[in-house]
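Worksheet for the structure shown next.
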Amino acid sequence: MDSAVNTLFSEISPGKLNSEILAETLVIDKLREEVVRRLTQIEKLDLGFWWQDKDLMEMFNSVFKSGCIILPKDPVERLRWIALLCVEMSNTEGFDCGNIVIPLDFLPLEMMVLFEDLYGVDVLESVIEIREKVAEQGWGAVFGS
């Protein structure tokens, strides 16, 4: 995944590879554990799409605002990056988040169609819809920060 994050996302921080930013974030034990704990709850309670969970999104927003992690400035890329963080943190903690966060959530639009048959048109449209909403309204309007 290291080299892929350098090509699947725009440069997040000048002079620093996206893979370095990802690695720095993944070693924050407390954040990783809390994210996976929240994803476990989302799955257990069947709370819907991961991005609809206020607690999860607020967790990322507050840690970002505190300066502990770096997130993309572009709101759509930020959403995709958080999805990737969820997947990678889950992998590290041994949690299969495949029922909650899927490749469609972090892949660029042009690659999403490769998974249409696997996940279905409804799921694909839901991911596109939240991305369009974030792009049009901005991060703060959609996620409250």
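Chains: A, B, ... in order of the structure tokens. Residues: from 1 per chain. Ligands: from 1, in order shown.
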
Selection: 10 Å around Leu124 of chain A, only C-alpha atoms, excl. self and same-chain fewer than 3 positions, as JSON, numbers by chain = {"A": [104, 105, 109, 112, 113, 115, 116, 117, 118, 119, 120, 121, 127, 128, 129]}

Identify, on the basis of only C-alpha atoms, every residue whose closest approach to Pro72 of chain A does not exceed 10 Å; exclude the query and any residue fewer than 2 positions from it along the same chain; express the result as number ranges by chain.
-> A: 9-13, 18, 70, 74-82

Preceding selection exported with N, CA and C atoms as a PDB file, in the first residue's frame:
```pdb
ATOM      1  N   PHE A   9      -3.435   9.365  -4.271  1.00  0.00           N
ATOM      2  CA  PHE A   9      -3.808  10.631  -3.644  1.00  0.00           C
ATOM      3  C   PHE A   9      -2.863  11.724  -4.112  1.00  0.00           C
ATOM      4  N   SER A  10      -3.358  12.954  -4.143  1.00  0.00           N
ATOM      5  CA  SER A  10      -2.492  14.099  -4.403  1.00  0.00           C
ATOM      6  C   SER A  10      -1.516  14.236  -3.244  1.00  0.00           C
ATOM      7  N   GLU A  11      -0.436  14.977  -3.479  1.00  0.00           N
ATOM      8  CA  GLU A  11       0.538  15.211  -2.414  1.00  0.00           C
ATOM      9  C   GLU A  11      -0.149  15.908  -1.240  1.00  0.00           C
ATOM     10  N   ILE A  12      -0.036  15.328  -0.067  1.00  0.00           N
ATOM     11  CA  ILE A  12      -0.719  15.857   1.115  1.00  0.00           C
ATOM     12  C   ILE A  12       0.087  16.975   1.767  1.00  0.00           C
ATOM     13  N   SER A  13       1.378  16.753   1.896  1.00  0.00           N
ATOM     14  CA  SER A  13       2.250  17.737   2.544  1.00  0.00           C
ATOM     15  C   SER A  13       3.518  17.881   1.703  1.00  0.00           C
ATOM     16  N   ASN A  18       3.282  10.687   0.790  1.00  0.00           N
ATOM     17  CA  ASN A  18       2.035  10.271   1.439  1.00  0.00           C
ATOM     18  C   ASN A  18       2.242   9.004   2.262  1.00  0.00           C
ATOM     19  N   ILE A  70      -1.859  14.497   9.942  1.00  0.00           N
ATOM     20  CA  ILE A  70      -1.997  15.332   8.756  1.00  0.00           C
ATOM     21  C   ILE A  70      -3.062  14.696   7.874  1.00  0.00           C
ATOM     22  N   ASP A  74      -8.057  18.884   0.452  1.00  0.00           N
ATOM     23  CA  ASP A  74      -9.233  18.662  -0.386  1.00  0.00           C
ATOM     24  C   ASP A  74     -10.225  17.776   0.367  1.00  0.00           C
ATOM     25  N   PRO A  75     -11.493  18.206   0.490  1.00  0.00           N
ATOM     26  CA  PRO A  75     -12.451  17.445   1.298  1.00  0.00           C
ATOM     27  C   PRO A  75     -12.732  16.026   0.799  1.00  0.00           C
ATOM     28  N   VAL A  76     -12.751  15.831  -0.509  1.00  0.00           N
ATOM     29  CA  VAL A  76     -13.002  14.485  -1.035  1.00  0.00           C
ATOM     30  C   VAL A  76     -11.795  13.591  -0.763  1.00  0.00           C
ATOM     31  N   GLU A  77     -10.605  14.121  -0.984  1.00  0.00           N
ATOM     32  CA  GLU A  77      -9.402  13.336  -0.687  1.00  0.00           C
ATOM     33  C   GLU A  77      -9.291  13.064   0.812  1.00  0.00           C
ATOM     34  N   ARG A  78      -9.720  14.011   1.630  1.00  0.00           N
ATOM     35  CA  ARG A  78      -9.698  13.804   3.085  1.00  0.00           C
ATOM     36  C   ARG A  78     -10.595  12.630   3.461  1.00  0.00           C
ATOM     37  N   LEU A  79     -11.791  12.579   2.878  1.00  0.00           N
ATOM     38  CA  LEU A  79     -12.724  11.484   3.144  1.00  0.00           C
ATOM     39  C   LEU A  79     -12.118  10.150   2.711  1.00  0.00           C
ATOM     40  N   ARG A  80     -11.523  10.135   1.524  1.00  0.00           N
ATOM     41  CA  ARG A  80     -10.879   8.925   1.018  1.00  0.00           C
ATOM     42  C   ARG A  80      -9.711   8.509   1.915  1.00  0.00           C
ATOM     43  N   TRP A  81      -8.932   9.488   2.365  1.00  0.00           N
ATOM     44  CA  TRP A  81      -7.771   9.207   3.214  1.00  0.00           C
ATOM     45  C   TRP A  81      -8.207   8.603   4.548  1.00  0.00           C
ATOM     46  N   ILE A  82      -9.262   9.155   5.120  1.00  0.00           N
ATOM     47  CA  ILE A  82      -9.769   8.614   6.386  1.00  0.00           C
ATOM     48  C   ILE A  82     -10.243   7.171   6.190  1.00  0.00           C
TER      49      ILE A  82
END
```

Apply DSSP to the structure's backbone, then extract all residues of chain A labelled helix (DSSP H, G or I) and return them as a ChimeraX atom specification.
-> /A:2-8,18-26,29-44,50-52,54-65,75-93,103-106,109-119,121-137,139-143

May I have the residues within 7 Å of segment 47-59 of chain A as a count of residues only, using only C-alpha atoms and disregarding those fewer than 5 positions away in the same chain?
-> 5

Between atom CA of Gly140 of chain A and atom CA of Val63 of chain A, distance in Å (one decimal) |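 These atoms are spaced 15.2 Å apart.
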
Between A:Cys68, A:Arg37, A:Leu107, A:Val142, which has the minimum distance to Ala4 of chain A (counting only C-alpha atoms)?
->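 Closest to Ala4 of chain A of all the choices is A:Leu107.
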
Using only C-alpha atoms, find the one residue out of A:Thr7, A:Lys73, A:Thr92, A:Ser66 that sits nearest to Ala23 of chain A.
->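 Distance minimum relative to Ala23 of chain A lands on A:Thr92.
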
Long-range neighbours of Gly98 of chain A as a list in words, 10 Å cut-off, only C-alpha atoms, 5 positions minimum in chain =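 The neighbour list is Glu43, Val87, Ser90 and Pro103 of chain A.
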